[in-house]
Amino acid sequence: MSNALIAEQVLNGLQSGVVLFLMAAGLTLVFGVMGLINLAHGSLFMVGAFAAAATAAATGSFLLGLVAALAAAAAAGALMEVVILRRLYQRDHLDQVLATFALILVFSEGVRWTFGSFPLFLDVPEALSGTLVLPGGIAYSRYRLTLIAIGLLVALGLYLLVAHTRLGVRVRAGEDDREMIAALGVNIDRLYTAVFAIGAALAGLAGALVGAIQSVQVGMGEPVLILAFVVIVIGGIGSIRGAFIGALLVGLTDTLGRLFLPELFALFMDGPAAASAGSALASMSIYLLMVAVLVVRPSGLFGSRT
Amino acid sequence: MSDPTLLQGEPPVLATDRLCKRFDALQASRDVSLQLRRGEIHALIGPNGAGKSTLIAQVAGSLRPDSGRVLLQGQDVTALDTAERARRGLARTFQVSALALEDTVLQNTVLGVLGARGRPLRLFGDALRDAEARERAEQALARVGLHGSQQLRAAELSHGGRRQLEIAVALAVQPKAFLMDEPMAGLGASGSKDLTGVLDGLRAEAPILLVEHDMDAVFALADRVSVLVYGRLIATGSVAEIRADEAVRRAYLGDDAAEPGPPRAPDPARVAALDVDRPPS
Amino acid sequence: MTRERALNALLLLGVPLFALWAVVVEQPFMITLATKVAILALAGTGLNLALGHGGLVSLGHAAFFGIGGYAMGILASHAQSYTPLLDGALTIPGTTFMPIIWLVAMLASGLAALAIGALSLRTSGVYFIMITLAFGQMFYYFAISWPAYGGEDGLSIYVRNRFPGMNTLDPIQFFAIAWTWLVVVLLFSASLARSPFGLALNAARQSPLRARTVGIRVYRLQLTVFVLSGMITGLAGALYADLNRFVSPSMLSWQTSGEIMVFVILGGVARWCGPLAGALLFILLEQVLGPISEFWHVFLGIILLLIVLFAPGGVLGLVAGRERVRV
């Protein structure tokens with residue numbers, strides 16, 4: 001196995017990790033501040049992808065597509081929050097799960113109704129197509145590198161937002177004590193809608209960025225959502241730092257697992273058996289990682305004790 | 001409130017041995033050693049933020065101390081969780097009622113009997129038709145005056161009724177010791193009086209370690225009183241002794257039991273009345 | 001509460017009567033529908049043990065449904081191809097004998113529930129929900145990537161499994177088998193709810209603090225009910241795969257987990273016949289709305305939303321009033 005292959009897979013791991021971070025950050029923020037578990041977050045991912053694909057197809061501009069993705073997802077998120085989710089903050093988790101599951105149905109079928117069952121395509125913009133040669137002689141997709149860069153920038157931006165702005169202060173205070181910040185005169189409704197819209201925009205961005213790599217289709221959001229849950233469990237609910245570390249861990253475990261596990265099995269099994277055992281185990285590797293973390297730290301790496 | 005007859009050398013039913021607990025910068029329990037003897041009602045008093053809840057939690061098993069031990073009937077139970085301690089005879093009531101609100105008064109009480117048995121619970125058979133369990137539950141309810149309300153849902157009880165139910169459930173466990181956290185909380189004058197009567201009668205079954213702010217109840221019921229201030233036990237003795245104790249008067253009792261004032265930063269220069277800390281988070 | 005009892009009687013008598021009527025008017029498709037209702041109700045009743053009685057919001061119950069289905073699929077496929085599962089020191093043949101298949105399905109899903117539960121129950125709240133969802137997904141991806149039994153395409157079984165003394169290919173007889181199981185499990189769940197175990201579990205659902213304080217080992221209680229719940233849902237999976245003569249990874253998907261939960265909630269969580277009412281309603285909606293629009297899931301979603309927001313007791317709650325019946 002060449003170093004180039006390993007390096008490429010590491011970068012792929014980082015790239016998928018970054019996408020997971022964008023999803024997980026929104027989820028964990030919403031949960032930390034509002035105590036709401038939102039299964040429809042994957043739908044926002046999908047909405048972003050579809051908005052980007054449709055807009056890019058209509059205007060020929062990938063950038064406009066990204067903007068559309070952010071706007072559409074944020075708008076869908078805000079609408080979701082104001083019309084439905086707002087009524088669920090005081091309810092128990094079961095109700096939240098069911099209502100947001102219902103939203104998945106509505107969004108998925110709604111999008112299928114609008115766009116049909118065939119996938120849309122989002123093209124990688126000209127400027128970012130092709131590969132870039134990195135130090136060490138490794139050629140890697142320019143687009144994926146940009147994706148990684150965007151993700152890291154967003155992570156930085158989120159950190160600055162939460163740590164250094166007034167909104168961030170309110171968010172952090174809200175995580176600790178909701179009644180308190182209401183008593184202090186912060187407009188809770190608007191804060192919650194804002195937090196939700198930010199999380200939604202992040203999901204939409206993730207969807208749009210991924211849309212150029214995979215196809216844009218109904219149901220693309222849920223597998224990513226579930227992975228984002230794994231990230232949050234590993235990283236700890238409510239912790240953006242945990243989401244970041246967790247996302248990178250998950251992304252790397254997944255890609256490197258798929259690379260190395262079949263090789264590992266090939267050491268003591270032959271050909272096809274090794275390949276299938278290896279890939280089967282690789283598909284479970286993320287969950288095994290989650291199990292390992294849970295055994296040692298039931299509230300996640302950076303979670304606060306429940 | 002006669003002094004309980006104490007056989008020399010008999011170990012206290014419940015005891016703590018130098019419990020220490022720190023939350024970041026806050027030392028909530030400092031070397032707290034306290035004993036609950038057979039037949040007594042032992043009140044634990046102190047200003048808000050003194051660490052009473054933290055102490056109770058450590059005795060009950062819901063909080064691990066940093067150091068020190070909790071002993072139940074002479075046995076070290078520090079490593080055991082709440083459920084295990086309950087099976088060994090420690091019954092607890094809560095300041096804010098913890099009840100199965102959808103269930104009836106009877107079901108809540110029968111739960112106490114079932115839990116105390118310690119045996120694995122049967123998957124078949126009707127829980128409420130278990131004669132022994134039912135009888136024990138009904139006796140406990142009769143003691144607190146809830147026998148007639150058996151079929152009411154716990155949610156339908158008045159505040160006073162729920163306090164009574166808490167005690168009935170604790171009784172159903174047939175404990176070796178009671179741990180009660182502000183049982184009088186929220187009760188009016190007549191409710192307090194009734195409950196005081198009930199508690200008075202309980203001490204013969206099992207001693208009670210009682211956290212309470214209601215000074216009338218404390219002075220009426222307690223055989224001994226311990227005073228906790230800033231996490232440290234500053235005095236233990238009979239009611240009369242405590243009332244006379246200089247340190248206690250300075251730290252806590254000053255005037256008559258007044259309502260705790262608004263939270264103020266502790267000012268060492270001020271010596272009188274109630275100094276109220278921030279409660280530990 | 002008499003209203004709920006009346007509704008229960010209506011459901012318990014109505015469905016088999018409908019199946020018998022379908023025999024008379026020679027509409028085997030209707031019998032198959034009734035069988036589907038029975039099997040889905042069985043899956044939902046299994047989930048309801050953990051969800052309604054235990055308060056455990058498990059979003060990964062499809063794992064057990066699918067494991068039961070694959071247990072059937074694996075055993076039957078080896079039988080129909082006359083190859084043993086294991087051929088070495090120990091030879092394990094396949095089988096199409098239903099009782100053995102059910103036993104294996106329940107054991108396998110019970111073991112999975114033990115493993116998943118042992119880990120997940122050390123957490124609570126949202127963590128528990130996410131972890132059970134994740135484990136369901138794990139099994140799903142495993143089934144897709146394991147080529148021996150069809151992988152993503154699934155596994156077709158050409159025979160209907162055998163039950164002594166019955167012609168299991170006859171729709172009404174297969175319905176009878178499924179319905180009998182449902183009734184047995186319903187009786188079991190009612191008995192469990194009344195038992196000391198059920199009392200303690202229910203109390204622990206309302207206030208785990210209260211339960212622990214009187215000496216109840218909550219973890220053990222929850223794990224036990226989780227395993228029982230998994231076993232029943234696994235049995236339903238085996239029956240479902242048998243009905244369709246097909247098992248595929250989609251039985252393990254998050255959508256399936258969600259659907260099973262939908263049956264329970266539609267009917268009314270922790271209501272004795274809630275899952276039956278919910279499964280019936282779901283199948284009815286599928287049959288009525290399906291032909292009208294291929295996007296009928298949108299309406300299902302809206303109905304579900306309305307129920308969650310305005311009628312949290314489900315359909316039975318709406319019609320029969322807010323009280324839970326202690327059967």
# chains A, B, ... in the order shown; residues from 1 in each chain; ligands from 1
>>> interface_residues(of="chain B", to="chain C", cutoff="8 Å", atoms="only C-alpha atoms", output="VMD selection string")
chain B and resid 82 to 87 91 to 92 98 to 103 107 to 108 111 to 112 114 to 116 118 121 to 128 169 to 170 173
>>> write_last_selection(atoms="N, CA and C atoms", output="short mmCIF file (atom, residue, chain, number, x, y, z; two decimals), in the first residue's frame")
data_model
loop_
_atom_site.label_atom_id
_atom_site.label_comp_id
_atom_site.auth_asym_id
_atom_site.auth_seq_id
_atom_site.Cartn_x
_atom_site.Cartn_y
_atom_site.Cartn_z
N THR B 82 -27.46 4.10 45.70
CA THR B 82 -28.68 4.39 46.46
C THR B 82 -29.56 3.17 46.64
N ALA B 83 -29.75 2.43 45.54
CA ALA B 83 -30.67 1.29 45.61
C ALA B 83 -30.15 0.24 46.58
N GLU B 84 -28.86 0.02 46.54
CA GLU B 84 -28.27 -0.97 47.44
C GLU B 84 -28.43 -0.54 48.89
N ARG B 85 -28.20 0.74 49.17
CA ARG B 85 -28.36 1.23 50.54
C ARG B 85 -29.81 1.12 50.98
N ALA B 86 -30.72 1.36 50.05
CA ALA B 86 -32.14 1.24 50.38
C ALA B 86 -32.47 -0.18 50.78
N ARG B 87 -31.88 -1.13 50.05
CA ARG B 87 -32.15 -2.53 50.39
C ARG B 87 -31.56 -2.89 51.73
N ALA B 91 -34.02 4.57 54.24
CA ALA B 91 -35.15 5.15 53.52
C ALA B 91 -35.00 6.66 53.47
N ARG B 92 -35.37 7.22 52.34
CA ARG B 92 -35.16 8.66 52.16
C ARG B 92 -36.43 9.31 51.66
N ALA B 98 -40.62 13.08 45.13
CA ALA B 98 -40.31 12.23 43.98
C ALA B 98 -41.26 11.06 44.04
N LEU B 99 -42.34 11.17 43.30
CA LEU B 99 -43.35 10.11 43.34
C LEU B 99 -43.72 9.71 41.93
N ALA B 100 -44.28 8.51 41.80
CA ALA B 100 -44.80 8.10 40.50
C ALA B 100 -46.20 8.70 40.40
N LEU B 101 -46.27 9.86 39.75
CA LEU B 101 -47.50 10.65 39.82
C LEU B 101 -48.69 10.03 39.11
N GLU B 102 -48.42 9.20 38.08
CA GLU B 102 -49.55 8.59 37.37
C GLU B 102 -50.13 7.44 38.18
N ASP B 103 -49.33 6.90 39.08
CA ASP B 103 -49.77 5.73 39.84
C ASP B 103 -50.59 6.15 41.05
N GLN B 107 -50.23 2.08 44.84
CA GLN B 107 -49.16 1.55 43.99
C GLN B 107 -47.81 2.11 44.40
N ASN B 108 -47.77 3.39 44.71
CA ASN B 108 -46.53 4.01 45.15
C ASN B 108 -46.00 3.34 46.40
N LEU B 111 -44.76 -0.16 45.91
CA LEU B 111 -43.43 -0.10 45.30
C LEU B 111 -42.35 -0.14 46.37
N GLY B 112 -42.59 0.56 47.46
CA GLY B 112 -41.63 0.58 48.55
C GLY B 112 -41.42 -0.81 49.13
N LEU B 114 -41.95 -3.67 47.60
CA LEU B 114 -41.28 -4.52 46.61
C LEU B 114 -39.79 -4.24 46.54
N GLY B 115 -39.46 -2.96 46.58
CA GLY B 115 -38.05 -2.61 46.47
C GLY B 115 -37.25 -3.13 47.64
N ALA B 116 -37.85 -3.03 48.83
CA ALA B 116 -37.12 -3.40 50.02
C ALA B 116 -36.87 -4.89 50.08
N GLY B 118 -35.75 -6.79 47.90
CA GLY B 118 -34.44 -7.11 47.35
C GLY B 118 -34.44 -8.29 46.41
N LEU B 121 -37.79 -9.14 40.92
CA LEU B 121 -39.23 -8.95 40.85
C LEU B 121 -39.86 -9.94 39.89
N ARG B 122 -40.99 -10.46 40.30
CA ARG B 122 -41.66 -11.45 39.46
C ARG B 122 -42.28 -10.82 38.23
N LEU B 123 -42.22 -11.57 37.12
CA LEU B 123 -42.83 -11.07 35.89
C LEU B 123 -44.29 -11.47 35.79
N PHE B 124 -44.73 -12.33 36.67
CA PHE B 124 -46.12 -12.77 36.59
C PHE B 124 -46.81 -12.52 37.92
N GLY B 125 -48.11 -12.63 37.88
CA GLY B 125 -48.84 -12.40 39.12
C GLY B 125 -49.18 -10.95 39.28
N ASP B 126 -50.19 -10.68 40.07
CA ASP B 126 -50.65 -9.31 40.23
C ASP B 126 -50.00 -8.69 41.47
N ALA B 127 -49.30 -7.59 41.26
CA ALA B 127 -48.56 -6.96 42.35
C ALA B 127 -49.47 -6.55 43.48
N LEU B 128 -50.67 -6.10 43.12
CA LEU B 128 -51.55 -5.57 44.15
C LEU B 128 -52.32 -6.67 44.88
N VAL B 169 -44.24 5.77 51.86
CA VAL B 169 -43.37 4.93 51.03
C VAL B 169 -42.10 4.59 51.81
N ALA B 170 -41.56 5.58 52.52
CA ALA B 170 -40.35 5.32 53.31
C ALA B 170 -40.64 4.29 54.39
N VAL B 173 -40.78 0.59 53.30
CA VAL B 173 -39.47 -0.03 53.13
C VAL B 173 -39.04 -0.75 54.41
#
>>> interface_residues(of="chain A", to="chain C", cutoff="8 Å", atoms="only C-alpha atoms", output="JSON, numbers by chain")
{"A": [37, 87, 93, 94, 95, 98, 99, 101, 102, 103, 104, 105, 106, 107, 109, 110, 112, 113, 226, 227, 229, 230, 233, 276, 277, 279, 280, 281, 283, 284, 287, 291, 294, 295, 298, 299]}
>>> residues_around(residues="stretch 175-177 of chain C", least_positions_apart="3", cutoff="6 Å", atoms="only C-alpha atoms", output="list in words")
Thr35, Ile172 and Thr180 of chain C
>>> write_last_selection(atoms="N, CA and C atoms", output="PDB file, in the first residue's frame")
ATOM      1  N   THR C  35     -53.114 -10.114   7.834  1.00  0.00           N
ATOM      2  CA  THR C  35     -51.929 -10.755   8.410  1.00  0.00           C
ATOM      3  C   THR C  35     -50.836  -9.724   8.640  1.00  0.00           C
ATOM      4  N   ILE C 172     -55.430 -17.891   5.167  1.00  0.00           N
ATOM      5  CA  ILE C 172     -56.138 -17.767   6.433  1.00  0.00           C
ATOM      6  C   ILE C 172     -55.444 -18.558   7.534  1.00  0.00           C
ATOM      7  N   THR C 180     -52.603 -15.599  16.415  1.00  0.00           N
ATOM      8  CA  THR C 180     -52.432 -16.287  17.698  1.00  0.00           C
ATOM      9  C   THR C 180     -51.242 -15.721  18.454  1.00  0.00           C
TER      10      THR C 180
END
>>> residues_around(residues="B:Gly191", least_positions_apart="6", cutoff="12 Å", atoms="only C-alpha atoms", output="list in words")
Val144, Gly145, Ser158, His159, Gly160, Gly161, Arg162, Arg163, Gln164, Pro183, Met184, Ala185, Gly197, Val198 and Ala217 of chain B
>>> select_by_dssp(residues="stretch 21-201 of chain C", states="helix (DSSP H, G or I)", output="MDAnalysis selection string")
chainID C and resid 21:24 28:53 62:80 98:120 125:145 147:149 151:153 171:194 196:201
>>> residues_around(residues="stretch 118-120 of chain A", least_positions_apart="5", cutoff="12 Å", atoms="only C-alpha atoms", output="PDB file with C-alpha atoms, in the first residue's frame")
ATOM      1  CA  MET A  46     -31.126  17.748   1.557  1.00  0.00           C
ATOM      2  CA  ALA A  49     -28.302  20.319  -1.760  1.00  0.00           C
ATOM      3  CA  PHE A  50     -31.422  20.634  -3.873  1.00  0.00           C
ATOM      4  CA  ALA A  51     -31.436  24.420  -3.653  1.00  0.00           C
ATOM      5  CA  ALA A  52     -27.803  24.523  -4.727  1.00  0.00           C
ATOM      6  CA  ALA A  53     -28.326  22.087  -7.602  1.00  0.00           C
ATOM      7  CA  ALA A  54     -31.425  23.818  -8.878  1.00  0.00           C
ATOM      8  CA  THR A  55     -29.913  27.271  -8.629  1.00  0.00           C
ATOM      9  CA  ALA A  56     -26.610  26.256 -10.159  1.00  0.00           C
ATOM     10  CA  ALA A  57     -28.430  24.578 -13.017  1.00  0.00           C
ATOM     11  CA  VAL A 111     -39.055  17.323  -2.293  1.00  0.00           C
ATOM     12  CA  ARG A 112     -39.787  14.200  -4.302  1.00  0.00           C
ATOM     13  CA  TRP A 113     -43.102  15.706  -5.325  1.00  0.00           C
ATOM     14  CA  ALA A 208     -24.578  21.761  -1.069  1.00  0.00           C
ATOM     15  CA  GLY A 211     -23.894  17.552  -3.583  1.00  0.00           C
ATOM     16  CA  ALA A 212     -21.060  18.155  -6.004  1.00  0.00           C
ATOM     17  CA  ILE A 213     -19.315  14.974  -4.938  1.00  0.00           C
ATOM     18  CA  GLN A 214     -22.303  12.658  -4.669  1.00  0.00           C
ATOM     19  CA  SER A 215     -25.636  12.913  -6.363  1.00  0.00           C
ATOM     20  CA  VAL A 216     -28.387  15.070  -4.993  1.00  0.00           C
ATOM     21  CA  GLN A 217     -31.319  12.882  -4.096  1.00  0.00           C
ATOM     22  CA  VAL A 218     -34.107  12.443  -1.627  1.00  0.00           C
ATOM     23  CA  GLY A 219     -32.973  10.653   1.473  1.00  0.00           C
ATOM     24  CA  MET A 220     -29.370  11.783   1.193  1.00  0.00           C
TER      25      MET A 220
END
>>> residues_around(residues="stretch 66-69 of chain C", least_positions_apart="5", cutoff="9 Å", atoms="only C-alpha atoms", output="number ranges by chain")
C: 61, 74, 101-102, 104-109, 112, 139-140, 231, 233-242, 246-253
>>> residues_around(residues="C:Ser81", least_positions_apart="6", cutoff="12 Å", atoms="only C-alpha atoms", output="PyMOL selection string")
chain C and resi 73-75+93-96+156-159
>>> select_by_dssp(residues="stretch 5-238 of chain B", states="strand (DSSP E)", output="ChimeraX atom specification")
/B:14-23,26-36,41-45,67-72,75-76,90-93,177-181,208-211,224-229,232-237
>>> atom_distance(atom1="atom CA of A:Gly278", atom2="atom CA of A:Gly235")
26.3 Å
>>> decode(residues="stretch 83-120 of chain B", atoms="N, CA and C atoms", output="short mmCIF file (atom, residue, chain, number, x, y, z; two decimals), in the first residue's frame")
data_model
loop_
_atom_site.label_atom_id
_atom_site.label_comp_id
_atom_site.auth_asym_id
_atom_site.auth_seq_id
_atom_site.Cartn_x
_atom_site.Cartn_y
_atom_site.Cartn_z
N ALA B 83 -29.75 2.43 45.54
CA ALA B 83 -30.67 1.29 45.61
C ALA B 83 -30.15 0.24 46.58
N GLU B 84 -28.86 0.02 46.54
CA GLU B 84 -28.27 -0.97 47.44
C GLU B 84 -28.43 -0.54 48.89
N ARG B 85 -28.20 0.74 49.17
CA ARG B 85 -28.36 1.23 50.54
C ARG B 85 -29.81 1.12 50.98
N ALA B 86 -30.72 1.36 50.05
CA ALA B 86 -32.14 1.24 50.38
C ALA B 86 -32.47 -0.18 50.78
N ARG B 87 -31.88 -1.13 50.05
CA ARG B 87 -32.15 -2.53 50.39
C ARG B 87 -31.56 -2.89 51.73
N ARG B 88 -30.54 -2.16 52.15
CA ARG B 88 -29.97 -2.44 53.47
C ARG B 88 -30.65 -1.66 54.57
N GLY B 89 -31.67 -0.90 54.17
CA GLY B 89 -32.47 -0.30 55.23
C GLY B 89 -32.41 1.19 55.37
N LEU B 90 -31.96 1.90 54.33
CA LEU B 90 -31.94 3.35 54.43
C LEU B 90 -33.08 3.91 53.59
N ALA B 91 -34.02 4.57 54.24
CA ALA B 91 -35.15 5.15 53.52
C ALA B 91 -35.00 6.66 53.47
N ARG B 92 -35.37 7.22 52.34
CA ARG B 92 -35.16 8.66 52.16
C ARG B 92 -36.43 9.31 51.66
N THR B 93 -36.70 10.50 52.18
CA THR B 93 -37.77 11.30 51.58
C THR B 93 -37.15 12.58 51.05
N PHE B 94 -37.80 13.14 50.06
CA PHE B 94 -37.23 14.26 49.32
C PHE B 94 -37.90 15.58 49.64
N GLN B 95 -37.13 16.62 49.51
CA GLN B 95 -37.67 17.95 49.72
C GLN B 95 -38.72 18.27 48.65
N VAL B 96 -38.36 17.95 47.40
CA VAL B 96 -39.34 18.06 46.32
C VAL B 96 -39.80 16.64 46.02
N SER B 97 -41.05 16.35 46.28
CA SER B 97 -41.55 14.98 46.22
C SER B 97 -41.14 14.27 44.94
N ALA B 98 -40.62 13.08 45.13
CA ALA B 98 -40.31 12.23 43.98
C ALA B 98 -41.26 11.06 44.04
N LEU B 99 -42.34 11.17 43.30
CA LEU B 99 -43.35 10.11 43.34
C LEU B 99 -43.72 9.71 41.93
N ALA B 100 -44.28 8.51 41.80
CA ALA B 100 -44.80 8.10 40.50
C ALA B 100 -46.20 8.70 40.40
N LEU B 101 -46.27 9.86 39.75
CA LEU B 101 -47.50 10.65 39.82
C LEU B 101 -48.69 10.03 39.11
N GLU B 102 -48.42 9.20 38.08
CA GLU B 102 -49.55 8.59 37.37
C GLU B 102 -50.13 7.44 38.18
N ASP B 103 -49.33 6.90 39.08
CA ASP B 103 -49.77 5.73 39.84
C ASP B 103 -50.59 6.15 41.05
N THR B 104 -51.31 5.16 41.58
CA THR B 104 -52.12 5.48 42.75
C THR B 104 -51.26 5.52 44.01
N VAL B 105 -51.86 6.04 45.05
CA VAL B 105 -51.20 6.10 46.35
C VAL B 105 -50.78 4.70 46.77
N LEU B 106 -51.68 3.76 46.57
CA LEU B 106 -51.36 2.38 46.95
C LEU B 106 -50.21 1.82 46.14
N GLN B 107 -50.23 2.08 44.84
CA GLN B 107 -49.16 1.55 43.99
C GLN B 107 -47.81 2.11 44.40
N ASN B 108 -47.77 3.39 44.71
CA ASN B 108 -46.53 4.01 45.15
C ASN B 108 -46.00 3.34 46.40
N THR B 109 -46.92 3.05 47.31
CA THR B 109 -46.49 2.48 48.58
C THR B 109 -46.06 1.03 48.40
N VAL B 110 -46.82 0.28 47.61
CA VAL B 110 -46.44 -1.12 47.35
C VAL B 110 -45.07 -1.17 46.72
N LEU B 111 -44.76 -0.16 45.91
CA LEU B 111 -43.43 -0.10 45.30
C LEU B 111 -42.35 -0.14 46.37
N GLY B 112 -42.59 0.56 47.46
CA GLY B 112 -41.63 0.58 48.55
C GLY B 112 -41.42 -0.81 49.13
N VAL B 113 -42.54 -1.53 49.29
CA VAL B 113 -42.43 -2.89 49.84
C VAL B 113 -41.62 -3.77 48.89
N LEU B 114 -41.95 -3.67 47.60
CA LEU B 114 -41.28 -4.52 46.61
C LEU B 114 -39.79 -4.24 46.54
N GLY B 115 -39.46 -2.96 46.58
CA GLY B 115 -38.05 -2.61 46.47
C GLY B 115 -37.25 -3.13 47.64
N ALA B 116 -37.85 -3.03 48.83
CA ALA B 116 -37.12 -3.40 50.02
C ALA B 116 -36.87 -4.89 50.08
N ARG B 117 -37.72 -5.66 49.44
CA ARG B 117 -37.54 -7.11 49.47
C ARG B 117 -36.21 -7.53 48.91
N GLY B 118 -35.75 -6.79 47.90
CA GLY B 118 -34.44 -7.11 47.35
C GLY B 118 -34.44 -8.29 46.41
N ARG B 119 -35.50 -9.08 46.44
CA ARG B 119 -35.50 -10.24 45.54
C ARG B 119 -35.82 -9.77 44.13
N PRO B 120 -35.41 -10.54 43.11
CA PRO B 120 -35.79 -10.15 41.76
C PRO B 120 -37.30 -10.10 41.64
#
